[in-house]
Amino acid sequence: MSAQTDTLPQPLPAPPAEDATASTPRIVPLRRTGQWAAAVAVLALLAAGLTSVVRNDAFQWDVVADHLTTASVLRGLGLTLWLTALVMALGFALGTLLAMGRLSRNPVLRSVSWGYIWLFRSTPILVQLLFWFNIGALYPQILGVDTVHLLGPMAVAVIGLTLHEAAYAAEVVRGGILSVERGQLEAAQSLGLGPWRRLRRIVLPQAMRAIVPPAGNMLIGTLKGTSIVSIIAVQDLLYSVQLVYHRTYQVIPLLLVATLWYVAVTSLLSVGQYYVERRYARGTAEAR
Amino acid sequence: MPPTSAPPPAPGTAAHPMVEIRSVHKSFGSLHVLRGIDLTVRTGEVTVVLGPSGSGKSTLLRTINHLEKVDRGWVGVDGTPVGYRRSGDKLYELREREVLRRRTQIGFVFQNFNLFPHLTVLDNLVEAPTAALGRPRKEAVASALALLARVGLADKAQAYPKQLSGGQQQRVAIARALALEPKLLLFDEPTSALDPELVGEVLDVIKDLAHQGTTMIIVTHEIGFAREIADTVVFMDEGRVVEQGPPAQVLDHPVQERTRAFFSKVL
């Protein structure tokens, strides 16, 4: 027997020993020339792109480095993070209420929740934000206080983003609740568990498995979406770099500063999402 | 038994039956599932409900703990209806809190187990006694472990339901129902979702309960099992009770033609 056939699995029972090499032909894999060519082409393009980014002085990487951690940029980053957290928390709290409204037996609650979601999903967030910013034109005074003083740009940003977020969060939460088997609710009912306990202890923990992936998507979307408040002069990450480049005209490097921070934070959030998903997969086949 | 609508007896009177079902009707849309059911189950008895699929057996069982509301008629457990408060000749629908309190006295075992997959076996058993009856957790854990030992699963307390076989899951579900110390146990086809080789272990647990005098109503297709443990066999078809009596009578010497036809095919 030659050395080559030793590496091949021997058919059982062993073939007649006259000529083993002839009875077990060697397998020759197909040569995938096209695959290799495509990989080389893509890598070449990538290298060319990277070279141009590094060699092109207009990117002004030194300016990027100078501004990456200035106090005003970090303050802007902090506000972006804080605004994201607040909008997510309030948006999902309101969204959960709306989801329960849509799943309610009460036809009025059902219709009102549906109407809210319909309205806030059918208009662009930019339009909604400008609308809230100009709400003083409709209601010059609220509870005897001038609207302009009551609702500063920051309050308008929180309200506008939250109301918009809640409409989407409601559908995410509703989908999660509907993904829980009906038998789970019946089992909880037959064990005498009250409605609040059923929701908190039985339905929501199971719904979370279906809620977390789209909610993680929304979190990342919201983080980037908060940059829209720069148009009403709220000093978030984007607006902080804009303030600098309006003064220095170093538009590209300062946009790169904002870009790097957005990428860094969203990357961290994606890692966090992995661990949250694992937490809520307890008791499922994948988590064994 | 003639399908007359006898007035429900007042609670607290001596020797009222555990379950009384009087002239119960139930429709789902245009489908008339229960067409006037009358049934009495005495305390300590095992009643097995047999019948073809779609005969209304499961729906009847679900009306007993008010998972399904009846359209007409009356279902009483231990002298009082589960979902209603009786005053004179009227039944007033109860608030959910009251219904839930009454449900803790009725254990229900589902065909698909319906264990809570995100909780350990132990937490499945501890949940209702602590949340619905307000027992201290320590006490609930102790009796949960005792119940698990009783169904032969003492070593599975920390497992998650999906890590168990179907038969084991159903035994946990039975233990979970027992954790509330119910007066009555209802089984909705407890072995229909199981591999044939796992049916025996679940039936053994139910038999054990029967020998201890637990009042039970069991909807099943296991006719041999019915013969073995039933005090009363009820045969249902098309939303009616066709025939009922001791297993020897209903299974071996049925009076009704429909009963005879059914058992001649399945026995």
# chains A, B, ... in the order shown; residues from 1 in each chain; ligands from 1
>>> residues_around(residues="region 233-237 of chain B", least_positions_apart="6", cutoff="6 Å", atoms="only C-alpha atoms", output="ChimeraX atom specification")
/B:47-51,55,243-247
>>> residues_around(residues="Trp114 (chain A)", least_positions_apart="5", cutoff="12 Å", atoms="only C-alpha atoms", output="VMD selection string")
chain A and resid 95 97 to 104 107 to 109 119 to 121 167 to 168 170 to 171 174
>>> write_last_selection(atoms="N, CA and C atoms", output="compact mmCIF listing (two decimals), in the first residue's frame")
# COMPACT_ATOMS: atom_id res chain seq x y z
N GLY A 95 -43.65 53.24 25.47
CA GLY A 95 -43.93 52.22 24.46
C GLY A 95 -44.57 50.97 25.05
N LEU A 97 -46.46 50.88 27.71
CA LEU A 97 -47.87 51.24 27.99
C LEU A 97 -48.69 51.19 26.71
N LEU A 98 -48.13 51.74 25.63
CA LEU A 98 -48.86 51.73 24.35
C LEU A 98 -49.08 50.30 23.86
N ALA A 99 -48.07 49.44 24.03
CA ALA A 99 -48.21 48.04 23.61
C ALA A 99 -49.33 47.37 24.39
N MET A 100 -49.38 47.64 25.71
CA MET A 100 -50.44 47.05 26.51
C MET A 100 -51.79 47.62 26.09
N GLY A 101 -51.79 48.89 25.71
CA GLY A 101 -53.03 49.49 25.20
C GLY A 101 -53.50 48.78 23.94
N ARG A 102 -52.56 48.51 23.04
CA ARG A 102 -52.94 47.84 21.79
C ARG A 102 -53.41 46.42 22.02
N LEU A 103 -52.93 45.78 23.09
CA LEU A 103 -53.33 44.41 23.37
C LEU A 103 -54.49 44.36 24.36
N SER A 104 -55.00 45.54 24.75
CA SER A 104 -56.04 45.59 25.77
C SER A 104 -57.37 45.10 25.23
N PRO A 107 -61.73 48.60 23.79
CA PRO A 107 -61.60 49.08 22.42
C PRO A 107 -61.12 50.53 22.31
N VAL A 108 -61.43 51.35 23.32
CA VAL A 108 -60.98 52.75 23.28
C VAL A 108 -59.46 52.81 23.44
N LEU A 109 -58.94 52.07 24.43
CA LEU A 109 -57.48 52.03 24.62
C LEU A 109 -56.78 51.50 23.39
N LEU A 119 -49.74 57.98 14.06
CA LEU A 119 -49.39 59.39 13.87
C LEU A 119 -47.89 59.61 13.97
N PHE A 120 -47.27 59.03 15.02
CA PHE A 120 -45.86 59.34 15.27
C PHE A 120 -44.92 58.56 14.36
N ARG A 121 -45.44 57.51 13.73
CA ARG A 121 -44.59 56.83 12.76
C ARG A 121 -44.76 57.40 11.36
N ALA A 167 -43.38 55.27 19.80
CA ALA A 167 -44.22 54.64 18.77
C ALA A 167 -43.55 53.38 18.24
N TYR A 168 -42.23 53.46 18.03
CA TYR A 168 -41.50 52.28 17.55
C TYR A 168 -41.34 51.24 18.65
N ALA A 170 -43.26 50.68 21.09
CA ALA A 170 -44.54 50.01 21.33
C ALA A 170 -44.68 48.79 20.44
N GLU A 171 -44.31 48.93 19.18
CA GLU A 171 -44.44 47.80 18.26
C GLU A 171 -43.46 46.69 18.59
N ARG A 174 -44.85 45.01 21.72
CA ARG A 174 -46.05 44.24 21.37
C ARG A 174 -45.67 42.94 20.67
>>> atom_distance(atom1="CA of Lys265 (chain B)", atom2="CA of His253 (chain B)")
14.4 Å
>>> closest_atom_pairs(of="chain A", to="chain B", cutoff="7 Å", atoms="only C-alpha atoms", output="tab-separated table")
residue	atom	partner	partner_atom	distance
A:Gly183	CA	B:Asn114	CA	5.7
A:Gln184	CA	B:Asn114	CA	5.6
A:Ala187	CA	B:Asn114	CA	6.1
A:Gln189	CA	B:Leu100	CA	6.9
A:Ser190	CA	B:Arg103	CA	5.9
A:Leu191	CA	B:Thr104	CA	5.7
A:Gly192	CA	B:Leu100	CA	4.3
A:Leu193	CA	B:Ala132	CA	5.5
A:Gly194	CA	B:Arg97	CA	6.9
A:Gln206	CA	B:His118	CA	6.9
A:Arg282	CA	B:His118	CA	5.7
A:Gly283	CA	B:His118	CA	4.8
A:Thr284	CA	B:Lys162	CA	6.5
A:Ala285	CA	B:Lys162	CA	6.7
>>> write_last_selection(atoms="C-alpha atoms", output="tab-separated table (two decimals), in the first residue's frame")
chain	number	residue	atom	x	y	z
A	183	GLY	CA	-50.35	28.44	27.12
A	184	GLN	CA	-47.92	30.33	29.34
A	187	ALA	CA	-50.78	28.26	33.08
A	189	GLN	CA	-53.89	32.13	35.28
A	190	SER	CA	-54.68	28.61	36.41
A	191	LEU	CA	-52.05	28.98	39.14
A	192	GLY	CA	-53.86	32.08	40.41
A	193	LEU	CA	-51.14	34.60	39.49
A	194	GLY	CA	-52.44	38.17	39.21
A	206	GLN	CA	-39.98	35.49	27.83
A	282	ARG	CA	-31.81	31.13	29.90
A	283	GLY	CA	-33.79	27.92	29.76
A	284	THR	CA	-33.78	27.75	25.97
A	285	ALA	CA	-32.09	25.09	23.92
>>> residues_around(residues="Leu129 (chain A)", least_positions_apart="2", cutoff="9 Å", atoms="only C-alpha atoms", output="PyMOL selection string")
chain A and resi 124-127+131-134+156-157+159-161+228-229+232
>>> write_last_selection(atoms="N, CA and C atoms", output="compact mmCIF listing (two decimals), in the first residue's frame")
# COMPACT_ATOMS: atom_id res chain seq x y z
N PRO A 124 -41.76 62.48 9.68
CA PRO A 124 -40.32 62.41 9.94
C PRO A 124 -39.99 63.03 11.29
N ILE A 125 -38.99 62.47 11.96
CA ILE A 125 -38.58 62.98 13.25
C ILE A 125 -38.13 64.44 13.14
N LEU A 126 -37.54 64.80 12.01
CA LEU A 126 -37.09 66.19 11.82
C LEU A 126 -38.29 67.14 11.89
N VAL A 127 -39.37 66.76 11.21
CA VAL A 127 -40.58 67.59 11.22
C VAL A 127 -41.16 67.67 12.64
N PHE A 131 -41.59 70.97 14.93
CA PHE A 131 -42.93 71.27 15.42
C PHE A 131 -42.89 71.57 16.92
N TRP A 132 -42.26 70.68 17.70
CA TRP A 132 -42.19 70.90 19.15
C TRP A 132 -41.39 72.15 19.47
N PHE A 133 -40.37 72.43 18.65
CA PHE A 133 -39.54 73.61 18.86
C PHE A 133 -40.37 74.88 18.71
N ASN A 134 -41.38 74.80 17.84
CA ASN A 134 -42.22 75.97 17.57
C ASN A 134 -43.58 75.89 18.23
N VAL A 156 -37.23 70.25 24.57
CA VAL A 156 -37.85 69.92 23.28
C VAL A 156 -37.21 68.67 22.68
N ALA A 157 -35.88 68.59 22.81
CA ALA A 157 -35.18 67.41 22.26
C ALA A 157 -35.66 66.15 22.95
N ILE A 159 -38.48 65.58 24.69
CA ILE A 159 -39.88 65.30 24.40
C ILE A 159 -40.05 64.79 22.98
N GLY A 160 -39.47 65.51 22.02
CA GLY A 160 -39.64 65.14 20.62
C GLY A 160 -39.11 63.74 20.32
N LEU A 161 -37.89 63.46 20.79
CA LEU A 161 -37.29 62.15 20.50
C LEU A 161 -38.04 61.04 21.22
N ILE A 228 -29.70 64.64 15.34
CA ILE A 228 -30.66 65.54 14.70
C ILE A 228 -30.95 66.76 15.56
N VAL A 229 -30.72 66.64 16.89
CA VAL A 229 -31.03 67.78 17.75
C VAL A 229 -30.05 68.93 17.52
N ILE A 232 -31.62 72.16 16.41
CA ILE A 232 -32.25 73.11 17.33
C ILE A 232 -31.24 73.56 18.39
>>> residues_around(residues="region 276-280 of chain A", least_positions_apart="6", cutoff="9 Å", atoms="only C-alpha atoms", output="ChimeraX atom specification")
/A:205-206,208-209,212-213,287 /B:118
>>> write_last_selection(atoms="N, CA and C atoms", output="compact mmCIF listing (two decimals), in the first residue's frame")
# COMPACT_ATOMS: atom_id res chain seq x y z
N PRO A 205 -40.33 38.44 30.83
CA PRO A 205 -39.02 37.78 30.71
C PRO A 205 -38.91 36.92 29.45
N GLN A 206 -40.02 36.30 29.05
CA GLN A 206 -39.98 35.49 27.83
C GLN A 206 -40.07 36.37 26.60
N MET A 208 -38.76 39.21 26.35
CA MET A 208 -37.48 39.89 26.18
C MET A 208 -36.61 39.25 25.11
N ARG A 209 -36.73 37.93 24.97
CA ARG A 209 -35.93 37.26 23.94
C ARG A 209 -36.23 37.82 22.57
N VAL A 212 -35.16 42.06 22.74
CA VAL A 212 -33.79 42.57 22.83
C VAL A 212 -33.13 42.85 21.47
N PRO A 213 -33.19 41.93 20.50
CA PRO A 213 -32.49 42.25 19.24
C PRO A 213 -33.00 43.53 18.56
N ALA A 287 -29.06 27.82 25.29
CA ALA A 287 -28.32 28.20 26.50
C ALA A 287 -27.94 27.00 27.36
N HIS B 118 -38.29 29.82 31.39
CA HIS B 118 -37.18 30.67 31.85
C HIS B 118 -36.93 30.50 33.35
>>> residues_around(residues="Leu203 (chain B)", least_positions_apart="4", cutoff="10 Å", atoms="only C-alpha atoms", output="JSON, numbers by chain")
{"B": [167, 171, 190, 191, 198, 199, 207, 208, 209, 222, 225, 229]}
>>> closest_residue(among="B:Glu257, B:Glu68, B:Asp78, B:Glu181", to="Glu20 (chain B)", atoms="only C-alpha atoms")
B:Asp78
>>> residues_around(residues="Met218 (chain A)", least_positions_apart="3", cutoff="9 Å", atoms="only C-alpha atoms", output="PDB file with C-alpha atoms, in the first residue's frame")
ATOM      1  CA  MET A  88     -34.552  55.018  25.372  1.00  0.00           C
ATOM      2  CA  GLU A 165     -39.217  56.562  20.000  1.00  0.00           C
ATOM      3  CA  TYR A 168     -41.502  52.277  17.554  1.00  0.00           C
ATOM      4  CA  ALA A 169     -40.819  50.826  20.999  1.00  0.00           C
ATOM      5  CA  PRO A 213     -32.492  42.253  19.241  1.00  0.00           C
ATOM      6  CA  PRO A 214     -34.752  44.970  17.752  1.00  0.00           C
ATOM      7  CA  ALA A 215     -34.335  47.061  20.908  1.00  0.00           C
ATOM      8  CA  GLY A 221     -30.287  53.997  15.858  1.00  0.00           C
ATOM      9  CA  THR A 222     -31.241  56.376  18.656  1.00  0.00           C
ATOM     10  CA  LEU A 223     -27.620  57.092  19.568  1.00  0.00           C
TER      11      LEU A 223
END
>>> residues_around(residues="region 202-204 of chain A", least_positions_apart="2", cutoff="8 Å", atoms="only C-alpha atoms", output="number ranges by chain")
A: 176-177, 180, 184-185, 188, 197-200, 206-208; B: 116
>>> write_last_selection(atoms="N, CA and C atoms", output="CSV table (one decimal), in the first residue's frame")
chain,number,residue,atom,x,y,z
A,176,GLY,N,-42.9,41.3,21.0
A,176,GLY,CA,-42.4,40.5,22.0
A,176,GLY,C,-43.4,39.7,22.8
A,177,ILE,N,-44.4,40.5,23.3
A,177,ILE,CA,-45.5,39.9,24.1
A,177,ILE,C,-46.2,38.9,23.3
A,180,VAL,N,-44.9,35.2,23.0
A,180,VAL,CA,-45.0,34.3,24.1
A,180,VAL,C,-46.2,33.4,23.9
A,184,GLN,N,-48.6,29.8,28.2
A,184,GLN,CA,-47.9,30.3,29.3
A,184,GLN,C,-48.8,31.2,30.2
A,185,LEU,N,-49.7,32.0,29.5
A,185,LEU,CA,-50.6,32.9,30.2
A,185,LEU,C,-51.7,32.0,30.9
A,188,ALA,N,-50.3,30.4,34.0
A,188,ALA,CA,-50.1,31.4,35.1
A,188,ALA,C,-51.5,31.8,35.7
A,197,ARG,N,-48.3,40.4,38.2
A,197,ARG,CA,-47.3,39.3,38.4
A,197,ARG,C,-47.1,38.5,37.1
A,198,ARG,N,-48.2,38.2,36.4
A,198,ARG,CA,-48.1,37.4,35.1
A,198,ARG,C,-47.2,38.2,34.1
A,199,LEU,N,-47.5,39.5,34.0
A,199,LEU,CA,-46.7,40.3,33.1
A,199,LEU,C,-45.3,40.4,33.4
A,200,ARG,N,-45.0,40.7,34.7
A,200,ARG,CA,-43.6,40.9,35.1
A,200,ARG,C,-42.8,39.7,35.2
A,206,GLN,N,-40.0,36.3,29.1
A,206,GLN,CA,-40.0,35.5,27.8
A,206,GLN,C,-40.1,36.4,26.6
A,207,ALA,N,-40.8,37.5,26.7
A,207,ALA,CA,-40.9,38.4,25.6
A,207,ALA,C,-39.6,39.1,25.3
A,208,MET,N,-38.8,39.2,26.4
A,208,MET,CA,-37.5,39.9,26.2
A,208,MET,C,-36.6,39.2,25.1
B,116,PHE,N,-42.9,27.0,32.9
B,116,PHE,CA,-42.3,28.3,32.5
B,116,PHE,C,-40.9,28.1,32.2
>>> select_by_dssp(residues="region 69-288 of chain A", states="alpha helix (DSSP H)", output="ChimeraX atom specification")
/A:71-102,107-121,125-133,147-150,153-178,182-190,195-197,204-225,237-248,251-280
>>> closest_residue(among="A:Leu268, A:Ala89, A:Leu46, A:Leu238", to="Ala166 (chain A)", atoms="only C-alpha atoms")
A:Ala89
>>> closest_residue(among="B:Ile21, B:Val46, B:Ala261, B:Leu31", to="Leu185 (chain B)", atoms="only C-alpha atoms")
B:Val46
